[in-house]
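Everything below belongs to upload.csv, which stores CSV, C-alpha atoms.
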chain,number,residue,atom,x,y,z
A,1,MET,CA,-28.7,-5.2,1.1
A,2,ILE,CA,-25.6,-5.8,3.2
A,3,GLU,CA,-27.0,-9.2,4.1
A,4,THR,CA,-27.5,-10.1,0.4
A,5,LEU,CA,-24.0,-9.1,-0.4
A,6,ASN,CA,-22.7,-11.1,2.5
A,7,LYS,CA,-24.5,-14.2,1.3
A,8,ALA,CA,-23.4,-13.7,-2.3
A,9,PHE,CA,-19.7,-13.6,-1.1
A,10,CYS,CA,-20.3,-16.9,0.7
A,11,ALA,CA,-20.8,-18.6,-2.7
A,12,LEU,CA,-17.0,-18.2,-3.2
A,13,PRO,CA,-14.9,-21.3,-2.2
A,14,GLY,CA,-13.5,-21.1,1.3
A,15,VAL,CA,-15.4,-17.9,2.2
A,16,GLY,CA,-17.5,-18.2,5.3
A,17,LYS,CA,-19.7,-15.6,7.1
A,18,LYS,CA,-16.8,-13.8,8.9
A,19,THR,CA,-14.7,-13.4,5.8
A,20,ALA,CA,-17.7,-12.3,3.7
A,21,GLN,CA,-18.4,-9.7,6.4
A,22,ARG,CA,-14.8,-8.5,6.2
A,23,PHE,CA,-15.1,-8.2,2.4
A,24,VAL,CA,-18.3,-6.3,2.6
A,25,TYR,CA,-17.2,-3.8,5.2
A,26,HIS,CA,-13.9,-3.2,3.5
A,27,LEU,CA,-15.5,-2.4,0.2
A,28,LEU,CA,-18.3,-0.2,1.7
A,29,GLU,CA,-16.0,1.7,4.1
A,30,ARG,CA,-12.8,2.0,2.1
A,31,ASN,CA,-13.2,1.0,-1.5
A,32,ARG,CA,-16.5,1.5,-3.2
A,33,ASP,CA,-14.8,2.0,-6.6
A,34,GLY,CA,-13.2,-1.4,-6.1
A,35,GLY,CA,-16.7,-2.8,-5.5
A,36,PHE,CA,-18.0,-1.4,-8.7
A,37,GLU,CA,-15.0,-2.6,-10.6
A,38,LEU,CA,-15.4,-6.0,-9.2
A,39,ALA,CA,-19.1,-6.1,-10.2
A,40,LYS,CA,-18.2,-5.0,-13.8
A,41,ALA,CA,-15.4,-7.5,-14.1
A,42,LEU,CA,-17.7,-10.3,-12.8
A,43,VAL,CA,-20.5,-9.5,-15.3
A,44,ASP,CA,-18.0,-9.3,-18.2
A,45,ALA,CA,-16.3,-12.6,-17.3
A,46,MET,CA,-19.5,-14.5,-16.6
A,47,GLU,CA,-21.0,-13.3,-19.8
A,48,PHE,CA,-18.1,-13.6,-22.3
A,49,VAL,CA,-15.7,-16.2,-21.0
A,50,LYS,CA,-16.3,-19.5,-22.8
A,51,HIS,CA,-14.3,-22.7,-23.4
A,52,CYS,CA,-11.6,-23.1,-26.0
A,53,SER,CA,-13.0,-25.2,-28.8
A,54,SER,CA,-9.7,-27.2,-29.0
A,55,CYS,CA,-8.4,-27.7,-25.4
A,56,ARG,CA,-11.5,-26.8,-23.4
A,57,THR,CA,-9.8,-24.3,-21.1
A,58,LEU,CA,-11.5,-21.1,-20.2
A,59,SER,CA,-11.0,-18.5,-22.9
A,60,GLU,CA,-12.6,-15.3,-24.3
A,61,LYS,CA,-11.9,-16.4,-27.8
A,62,THR,CA,-13.0,-19.5,-29.7
A,63,LEU,CA,-9.3,-20.7,-29.6
A,64,CYS,CA,-7.3,-19.9,-26.5
A,65,ALA,CA,-3.9,-18.2,-26.6
A,66,ILE,CA,-2.0,-21.5,-26.3
A,67,CYS,CA,-3.9,-23.4,-28.9
A,68,SER,CA,-3.7,-20.5,-31.4
A,69,ASN,CA,0.1,-20.1,-30.8
A,70,ASP,CA,1.9,-21.7,-33.8
A,71,LYS,CA,5.2,-21.8,-31.9
A,72,ARG,CA,3.8,-24.4,-29.5
A,73,SER,CA,4.1,-27.9,-30.7
A,74,GLY,CA,1.0,-30.1,-31.0
A,75,ALA,CA,3.1,-33.2,-30.8
A,76,LYS,CA,2.8,-33.3,-27.0
A,77,LEU,CA,-0.6,-33.0,-25.3
A,78,CYS,CA,-0.7,-32.5,-21.5
A,79,ILE,CA,-3.9,-33.6,-19.9
A,80,VAL,CA,-4.9,-31.7,-16.8
A,81,GLU,CA,-7.9,-31.5,-14.6
A,82,THR,CA,-8.5,-27.7,-14.5
A,83,PRO,CA,-7.5,-24.5,-16.2
A,84,THR,CA,-5.6,-23.6,-13.0
A,85,ASP,CA,-3.3,-26.5,-13.6
A,86,ILE,CA,-2.4,-25.1,-17.0
A,87,HIS,CA,-1.5,-21.8,-15.3
A,88,ALA,CA,0.7,-23.7,-12.7
A,89,ILE,CA,2.6,-25.7,-15.5
A,90,GLU,CA,3.0,-22.5,-17.6
A,91,GLN,CA,4.6,-20.8,-14.6
A,92,SER,CA,7.2,-23.5,-14.4
A,93,GLY,CA,8.2,-22.8,-18.0
A,94,ALA,CA,9.2,-26.4,-18.5
A,95,TYR,CA,6.6,-27.3,-21.1
A,96,THR,CA,6.1,-26.1,-24.7
A,97,GLY,CA,3.4,-28.4,-25.9
A,98,LYS,CA,-0.4,-28.1,-25.9
A,99,TYR,CA,-3.0,-29.0,-23.3
A,100,PHE,CA,-6.3,-30.7,-22.9
A,101,VAL,CA,-8.5,-29.7,-19.9
A,102,LEU,CA,-10.9,-32.3,-18.5
A,103,SER,CA,-12.6,-29.8,-16.2
A,104,GLY,CA,-12.8,-32.4,-13.4
A,105,TYR,CA,-12.2,-36.1,-12.8
A,106,LEU,CA,-14.1,-39.3,-13.3
A,107,SER,CA,-16.6,-39.8,-10.6
A,108,PRO,CA,-19.5,-42.1,-11.3
A,109,ILE,CA,-20.9,-41.4,-7.8
A,110,ASP,CA,-21.2,-37.7,-8.6
A,111,GLY,CA,-22.5,-38.6,-12.1
A,112,ILE,CA,-19.3,-37.3,-13.8
A,113,SER,CA,-18.8,-39.6,-16.8
A,114,ALA,CA,-16.2,-39.9,-19.5
A,115,LYS,CA,-18.4,-37.7,-21.7
A,116,ASP,CA,-18.4,-34.8,-19.2
A,117,LEU,CA,-14.6,-34.8,-19.3
A,118,GLY,CA,-14.7,-34.4,-23.0
A,119,LEU,CA,-12.9,-37.8,-23.6
A,120,GLU,CA,-14.8,-38.2,-26.9
A,121,GLU,CA,-13.2,-34.9,-28.1
A,122,LEU,CA,-9.9,-36.2,-26.8
A,123,GLN,CA,-10.2,-39.4,-28.9
A,124,GLN,CA,-11.2,-37.3,-31.9
A,125,LYS,CA,-8.0,-35.3,-31.3
A,126,LEU,CA,-5.8,-38.4,-31.1
A,127,ARG,CA,-7.4,-39.8,-34.2
A,128,THR,CA,-7.1,-36.7,-36.4
A,129,GLU,CA,-4.2,-34.7,-35.1
A,130,LYS,CA,-0.5,-35.6,-35.1
A,131,VAL,CA,-0.1,-36.2,-31.3
A,132,GLU,CA,3.0,-38.2,-30.4
A,133,GLU,CA,2.7,-38.2,-26.7
A,134,ILE,CA,0.1,-37.6,-24.1
A,135,ILE,CA,1.2,-36.6,-20.6
A,136,LEU,CA,-1.2,-37.5,-17.9
A,137,ALA,CA,-1.0,-34.7,-15.4
A,138,THR,CA,-4.1,-35.2,-13.4
A,139,ASN,CA,-3.8,-34.7,-9.6
A,140,ALA,CA,-2.0,-37.3,-7.4
A,141,THR,CA,-5.3,-38.0,-5.7
A,142,VAL,CA,-7.4,-41.2,-5.9
A,143,GLU,CA,-9.8,-39.6,-8.4
A,144,GLY,CA,-6.9,-38.2,-10.4
A,145,GLU,CA,-5.2,-41.6,-10.5
A,146,VAL,CA,-8.4,-43.3,-11.6
A,147,THR,CA,-8.9,-40.7,-14.3
A,148,ALA,CA,-5.3,-41.1,-15.5
A,149,HIS,CA,-5.7,-44.8,-15.6
A,150,TYR,CA,-8.9,-44.6,-17.6
A,151,ILE,CA,-7.5,-42.2,-20.1
A,152,GLY,CA,-4.2,-44.2,-20.4
A,153,ASN,CA,-6.2,-47.4,-21.2
A,154,MET,CA,-8.4,-45.5,-23.7
A,155,ALA,CA,-5.3,-44.1,-25.5
A,156,LYS,CA,-3.7,-47.5,-26.0
A,157,GLN,CA,-5.7,-48.0,-29.2
A,158,PHE,CA,-3.8,-45.0,-30.7
A,159,ASN,CA,-0.2,-44.9,-31.9
A,160,VAL,CA,0.9,-42.6,-29.1
A,161,ARG,CA,3.3,-42.6,-26.2
A,162,ILE,CA,1.5,-42.4,-22.9
A,163,THR,CA,3.4,-40.9,-19.9
A,164,ARG,CA,2.4,-39.8,-16.4
A,165,ILE,CA,4.1,-36.9,-14.6
A,166,ALA,CA,6.5,-38.0,-11.9
A,167,HIS,CA,5.5,-38.2,-8.2
A,168,GLY,CA,7.9,-38.1,-5.3
A,169,ILE,CA,9.6,-35.8,-2.8
A,170,PRO,CA,9.0,-32.2,-3.8
A,171,ILE,CA,12.1,-30.1,-4.6
A,172,GLY,CA,13.3,-28.4,-1.4
A,173,GLY,CA,11.3,-30.9,0.6
A,174,GLU,CA,12.8,-32.9,3.4
A,175,LEU,CA,12.3,-36.7,3.6
A,176,GLU,CA,11.6,-36.4,7.3
A,177,TYR,CA,8.5,-34.4,6.7
A,178,ALA,CA,7.1,-36.3,3.6
A,179,ASP,CA,4.1,-38.4,4.2
A,180,ILE,CA,4.3,-42.2,3.9
A,181,ASN,CA,2.5,-42.4,0.5
A,182,THR,CA,4.9,-39.9,-1.1
A,183,ILE,CA,7.9,-41.8,0.3
A,184,ALA,CA,6.5,-45.1,-1.0
A,185,HIS,CA,6.0,-43.5,-4.4
A,186,ALA,CA,9.4,-41.9,-4.4
A,187,LEU,CA,11.0,-45.3,-3.7
A,188,SER,CA,9.0,-47.3,-6.2
A,189,GLY,CA,9.5,-44.6,-8.9
A,190,ARG,CA,13.3,-44.4,-8.3
A,191,LYS,CA,15.5,-43.9,-11.3
A,192,ASP,CA,19.1,-44.9,-12.3
A,193,TYR,CA,21.5,-42.2,-11.0
A,194,ASP,CA,24.0,-40.8,-13.4
C,1,MET,CA,-11.2,-10.6,-19.0
C,2,ILE,CA,-10.1,-13.4,-16.6
C,3,GLU,CA,-7.1,-11.3,-15.7
C,4,THR,CA,-9.2,-8.3,-15.0
C,5,LEU,CA,-11.5,-10.2,-12.7
C,6,ASN,CA,-8.5,-11.7,-11.0
C,7,LYS,CA,-7.1,-8.3,-10.2
C,8,ALA,CA,-10.5,-7.0,-9.1
C,9,PHE,CA,-10.7,-9.8,-6.5
C,10,CYS,CA,-7.3,-8.9,-5.3
C,11,ALA,CA,-8.8,-5.7,-4.0
C,12,LEU,CA,-10.5,-7.7,-1.2
C,13,PRO,CA,-8.6,-7.8,2.1
C,14,GLY,CA,-6.5,-11.0,2.5
C,15,VAL,CA,-7.1,-12.1,-1.1
C,16,GLY,CA,-3.9,-12.7,-3.0
C,17,LYS,CA,-3.3,-14.0,-6.6
C,18,LYS,CA,-3.9,-17.7,-5.8
C,19,THR,CA,-7.1,-17.1,-3.9
C,20,ALA,CA,-8.4,-14.7,-6.6
C,21,GLN,CA,-7.7,-17.4,-9.2
C,22,ARG,CA,-9.5,-20.0,-7.2
C,23,PHE,CA,-12.5,-17.6,-6.9
C,24,VAL,CA,-12.5,-16.9,-10.7
C,25,TYR,CA,-12.3,-20.5,-11.8
C,26,HIS,CA,-14.8,-21.6,-9.3
C,27,LEU,CA,-17.4,-19.0,-10.5
C,28,LEU,CA,-16.6,-19.6,-14.2
C,29,GLU,CA,-16.6,-23.4,-14.1
C,30,ARG,CA,-19.2,-24.1,-11.5
C,31,ASN,CA,-21.3,-21.2,-10.6
C,32,ARG,CA,-21.9,-18.5,-13.2
C,33,ASP,CA,-25.3,-17.6,-11.6
C,34,GLY,CA,-23.5,-17.0,-8.4
C,35,GLY,CA,-21.1,-14.7,-10.2
C,36,PHE,CA,-24.0,-12.6,-11.6
C,37,GLU,CA,-25.7,-12.5,-8.2
C,38,LEU,CA,-22.6,-11.3,-6.6
C,39,ALA,CA,-22.2,-8.6,-9.2
C,40,LYS,CA,-25.8,-7.4,-8.7
C,41,ALA,CA,-25.4,-7.5,-4.9
C,42,LEU,CA,-22.2,-5.5,-5.2
C,43,VAL,CA,-23.7,-2.8,-7.3
C,44,ASP,CA,-26.8,-2.5,-5.1
C,45,ALA,CA,-24.7,-2.3,-1.9
C,46,MET,CA,-22.1,0.2,-3.2
C,47,GLU,CA,-24.9,2.4,-4.6
C,48,PHE,CA,-27.4,2.4,-1.8
C,49,VAL,CA,-25.7,1.6,1.5
C,50,LYS,CA,-25.0,4.9,3.3
C,51,HIS,CA,-24.1,5.8,6.9
C,52,CYS,CA,-26.7,6.1,9.7
C,53,SER,CA,-27.2,9.8,10.4
C,54,SER,CA,-27.2,9.1,14.1
C,55,CYS,CA,-24.6,6.5,14.9
C,56,ARG,CA,-22.6,6.5,11.6
C,57,THR,CA,-22.9,2.7,11.1
C,58,LEU,CA,-23.5,1.4,7.6
C,59,SER,CA,-27.2,1.4,6.8
C,60,GLU,CA,-29.6,1.5,3.8
C,61,LYS,CA,-31.9,3.9,5.6
C,62,THR,CA,-31.2,7.4,7.1
C,63,LEU,CA,-31.6,5.9,10.5
C,64,CYS,CA,-30.3,2.3,11.1
C,65,ALA,CA,-32.3,-0.5,12.7
C,66,ILE,CA,-30.8,0.0,16.1
C,67,CYS,CA,-31.1,3.8,16.2
C,68,SER,CA,-34.7,3.7,15.1
C,69,ASN,CA,-35.6,1.0,17.6
C,70,ASP,CA,-37.6,2.6,20.4
C,71,LYS,CA,-37.0,-0.3,22.7
C,72,ARG,CA,-33.3,0.4,22.9
C,73,SER,CA,-32.2,2.9,25.5
C,74,GLY,CA,-30.3,5.9,24.5
C,75,ALA,CA,-28.9,6.3,28.0
C,76,LYS,CA,-26.0,4.1,27.2
C,77,LEU,CA,-23.7,4.7,24.2
C,78,CYS,CA,-21.2,2.1,23.2
C,79,ILE,CA,-18.3,3.5,21.1
C,80,VAL,CA,-16.8,1.1,18.6
C,81,GLU,CA,-14.3,1.3,15.8
C,82,THR,CA,-16.2,-0.5,13.0
C,83,PRO,CA,-19.8,-1.6,12.1
C,84,THR,CA,-18.4,-5.2,12.4
C,85,ASP,CA,-17.9,-4.6,16.1
C,86,ILE,CA,-21.6,-3.7,16.5
C,87,HIS,CA,-22.4,-7.0,14.9
C,88,ALA,CA,-20.1,-8.9,17.3
C,89,ILE,CA,-21.5,-7.1,20.4
C,90,GLU,CA,-25.1,-7.7,19.2
C,91,GLN,CA,-24.3,-11.4,18.8
C,92,SER,CA,-23.4,-11.6,22.5
C,93,GLY,CA,-26.9,-10.3,23.4
C,94,ALA,CA,-25.4,-8.6,26.4
C,95,TYR,CA,-26.1,-5.0,25.4
C,96,THR,CA,-29.4,-3.1,24.9
C,97,GLY,CA,-28.2,0.5,24.5
C,98,LYS,CA,-27.1,2.3,21.4
C,99,TYR,CA,-23.9,2.7,19.5
C,100,PHE,CA,-21.6,5.2,17.9
C,101,VAL,CA,-19.2,4.1,15.1
C,102,LEU,CA,-15.9,5.9,14.7
C,103,SER,CA,-15.0,4.1,11.4
C,104,GLY,CA,-11.4,3.8,12.4
C,105,TYR,CA,-9.0,5.0,15.1
C,106,LEU,CA,-7.0,8.1,15.7
C,107,SER,CA,-3.8,8.0,13.7
C,108,PRO,CA,-2.2,11.3,13.0
C,109,ILE,CA,0.5,9.6,10.9
C,110,ASP,CA,-2.1,8.3,8.5
C,111,GLY,CA,-3.9,11.7,8.6
C,112,ILE,CA,-6.9,10.3,10.6
C,113,SER,CA,-8.0,13.1,12.9
C,114,ALA,CA,-10.7,13.5,15.5
C,115,LYS,CA,-12.9,15.0,12.8
C,116,ASP,CA,-12.7,11.9,10.6
C,117,LEU,CA,-13.9,9.8,13.5
C,118,GLY,CA,-16.9,12.0,13.9
C,119,LEU,CA,-16.0,13.2,17.4
C,120,GLU,CA,-17.7,16.5,16.7
C,121,GLU,CA,-21.0,14.6,16.1
C,122,LEU,CA,-20.3,12.6,19.3
C,123,GLN,CA,-19.8,15.8,21.3
C,124,GLN,CA,-23.0,17.2,19.8
C,125,LYS,CA,-24.8,13.9,20.9
C,126,LEU,CA,-23.4,14.2,24.4
C,127,ARG,CA,-24.5,17.8,24.6
C,128,THR,CA,-28.1,17.4,23.3
C,129,GLU,CA,-29.1,13.8,24.1
C,130,LYS,CA,-29.7,12.2,27.4
C,131,VAL,CA,-26.6,10.0,27.5
C,132,GLU,CA,-25.8,8.7,31.0
C,133,GLU,CA,-22.9,6.4,30.1
C,134,ILE,CA,-20.4,6.0,27.3
C,135,ILE,CA,-18.7,2.7,27.0
C,136,LEU,CA,-15.4,2.8,25.2
C,137,ALA,CA,-15.2,-0.4,23.2
C,138,THR,CA,-12.4,0.4,20.9
C,139,ASN,CA,-10.0,-2.5,20.2
C,140,ALA,CA,-7.3,-3.5,22.8
C,141,THR,CA,-4.6,-2.4,20.4
C,142,VAL,CA,-2.3,0.6,20.8
C,143,GLU,CA,-4.4,2.7,18.4
C,144,GLY,CA,-7.6,1.6,20.1
C,145,GLU,CA,-6.2,2.5,23.5
C,146,VAL,CA,-5.1,5.9,22.3
C,147,THR,CA,-8.5,6.6,20.8
C,148,ALA,CA,-10.3,5.5,23.9
C,149,HIS,CA,-8.0,7.7,26.0
C,150,TYR,CA,-8.7,10.7,23.7
C,151,ILE,CA,-12.4,10.2,23.8
C,152,GLY,CA,-12.4,9.6,27.5
C,153,ASN,CA,-10.6,12.9,28.1
C,154,MET,CA,-12.9,14.7,25.7
C,155,ALA,CA,-16.1,13.4,27.4
C,156,LYS,CA,-15.0,14.6,30.9
C,157,GLN,CA,-16.6,18.0,30.2
C,158,PHE,CA,-20.0,16.4,30.0
C,159,ASN,CA,-22.0,15.0,32.9
C,160,VAL,CA,-21.6,11.4,31.8
C,161,ARG,CA,-20.2,8.1,33.2
C,162,ILE,CA,-17.2,7.0,31.2
C,163,THR,CA,-16.4,3.2,31.2
C,164,ARG,CA,-14.0,1.0,29.2
C,165,ILE,CA,-14.9,-2.7,28.4
C,166,ALA,CA,-12.9,-5.2,30.5
C,167,HIS,CA,-9.7,-6.8,29.2
C,168,GLY,CA,-8.3,-10.0,30.6
C,169,ILE,CA,-8.3,-13.8,30.0
C,170,PRO,CA,-10.9,-14.8,27.5
C,171,ILE,CA,-13.7,-17.0,28.7
C,172,GLY,CA,-12.7,-20.6,28.1
C,173,GLY,CA,-9.1,-19.5,27.8
C,174,GLU,CA,-6.3,-21.0,29.7
C,175,LEU,CA,-3.8,-18.9,31.7
C,176,GLU,CA,-1.0,-21.0,30.4
C,177,TYR,CA,-1.6,-19.9,26.8
C,178,ALA,CA,-2.4,-16.3,27.4
C,179,ASP,CA,0.2,-13.8,26.3
C,180,ILE,CA,2.1,-11.7,28.9
C,181,ASN,CA,0.2,-8.4,28.1
C,182,THR,CA,-3.1,-10.1,28.6
C,183,ILE,CA,-2.0,-11.6,31.9
C,184,ALA,CA,-0.6,-8.3,33.1
C,185,HIS,CA,-3.9,-6.6,32.2
C,186,ALA,CA,-5.9,-9.4,33.9
C,187,LEU,CA,-3.9,-9.0,37.1
C,188,SER,CA,-4.0,-5.2,37.3
C,189,GLY,CA,-7.7,-5.2,36.4
C,190,ARG,CA,-8.6,-7.8,39.1
C,191,LYS,CA,-11.9,-7.4,40.9
C,192,ASP,CA,-13.2,-8.3,44.4
C,193,TYR,CA,-14.5,-11.8,44.4
C,194,ASP,CA,-17.9,-12.5,45.8

Rewritten as structure tokens:
Amino acid sequence: MIETLNKAFCALPGVGKKTAQRFVYHLLERNRDGGFELAKALVDAMEFVKHCSSCRTLSEKTLCAICSNDKRSGAKLCIVETPTDIHAIEQSGAYTGKYFVLSGYLSPIDGISAKDLGLEELQQKLRTEKVEEIILATNATVEGEVTAHYIGNMAKQFNVRITRIAHGIPIGGELEYADINTIAHALSGRKDYD
Amino acid sequence: MIETLNKAFCALPGVGKKTAQRFVYHLLERNRDGGFELAKALVDAMEFVKHCSSCRTLSEKTLCAICSNDKRSGAKLCIVETPTDIHAIEQSGAYTGKYFVLSGYLSPIDGISAKDLGLEELQQKLRTEKVEEIILATNATVEGEVTAHYIGNMAKQFNVRITRIAHGIPIGGELEYADINTIAHALSGRKDYD
């Protein structure tokens, strides 16, 4: 039973044998109520959390809190890889538009095609809704760049402004410690200073 | 629901908001079956795992696998802080005796007394069973040392050899990188070389 729980914890990302063991003993020795609560929360979430029918993020309702919020403008559509990215952008408080979640990136090798990323739904959205700008906010990885490129190309057929979030030296970051790719990006993406 | 699961994961040791979020999204997006399995394993373990009536380790049965194993000698009793420590010692394959689990260390400030550590049961064991040696294998921390000292003193009234596991430079470790306390211990605990 302890062994089964150990293995079940190992299914979590970044959790190995030792960490799993620590979780198990902590719950058994110190916090059995916490264990029961976690089990209940797991079953509830696995059972009832679905995807938002509009932006594809994880949501308990058919329409997520952001999509059903009338105060948020649908003129801007920020395209992200995962629901976690939405959370990160929301934390910054710098965006008031809506989102579209790909749930991954294009990867023909892994069999992840445009269809899996919901690009048909995205096209439908661009065709029928009044979207003025799409912001490509996929990750600054090779896969993220390829995906952004693909979507950017696809969106050209619509009357929409296509932008990509800026890449460069992070705020608070020191040039000395930035990696060469970031520095190259920061240089090529330089802007007029005013 | 997502928020509830997030919070429930935060009950695990060393898991903060970001890690919890990663767990939640991983399970929801990629491994819902794993989520259900984890929930089931949690309920089973929280419900049915108790403590061994003899050595106080976590066990599904009244008597744990080690205590009920006739091939293991009861003449040696290794005293450890947690069930995890048993696992670590068993991995080494260097011990064939039995164990006694304190489930913690003496800490009057936190209200953890000798009774909480099962020292009465330990005395009972020393009085009634044929124990020839107790090995104090509590951690090499201040609390572990205090606990070892206390138990060592208590056991003097019984006709039993009292030993403490050796402390010093870890095998494969380099003197240069050892901390000063470890070096001091390694020097004061030096043995005749043969």

Quick one: residues within 10 Å of Glu37 in chain C, only C-alpha atoms counted, chain neighbours fewer than 2 positions away excluded, as a list in words?
->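 My list of contacting residues is Thr4, Leu5, Lys7, Ala8, Phe9, Ala11, Ala39, Leu42 and Val43 of chain A; Arg32, Asp33, Gly34, Gly35, Ala39, Lys40, Ala41, Leu42 and Val43 of chain C.
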
Write down, as an NGL selection string, each residue of chain A that has any atom within 10 Å of an atom of chain C, counting all atoms listed in the file.
-> :A and (1-15 or 18-51 or 57-60 or 82-84 or 87 or 103-104)

List every protein, DNA or RNA residue with an atom no more than 12 Å from (-30.9, 4.7, 14.4) in the file's coordinates, counting all atoms listed in the file, and format the result as an MDAnalysis selection string.
-> chainID C and resid 51:74 97:101

In Å to one decimal, how far is CA of Glu90 in chain C from CA of Ala186 in chain C?
->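 Here the two named atoms are 24.2 Å from each other.
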
What lies within 12 Å of Thr138 in chain A using all atoms listed in the file, ignoring chain neighbours under 5 positions off, as a ChimeraX atom specification?
-> /A:78-86,89,99-106,143-152,163-167

Which value, in Å to one decimal, gives the distance between CA of Gly189 in chain A and CA of Ser92 in chain A?
-> 21.9 Å

Work out how far CA of Arg190 in chain A is from CA of Val160 in chain A, in Å to one decimal.
-> 24.3 Å

Residue contacts of range 130-134 of chain C (6 Å, all atoms listed in the file) excluding same-chain residues fewer than 6 positions away, as a ChimeraX atom specification | /C:75-78,160-162

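Restricting the calculation to only C-alpha atoms, the smallest distance between Leu136 in chain A and any of A:Ala184, A:Ala114, A:Ala178, A:Ala155 is found for A:Ala155.
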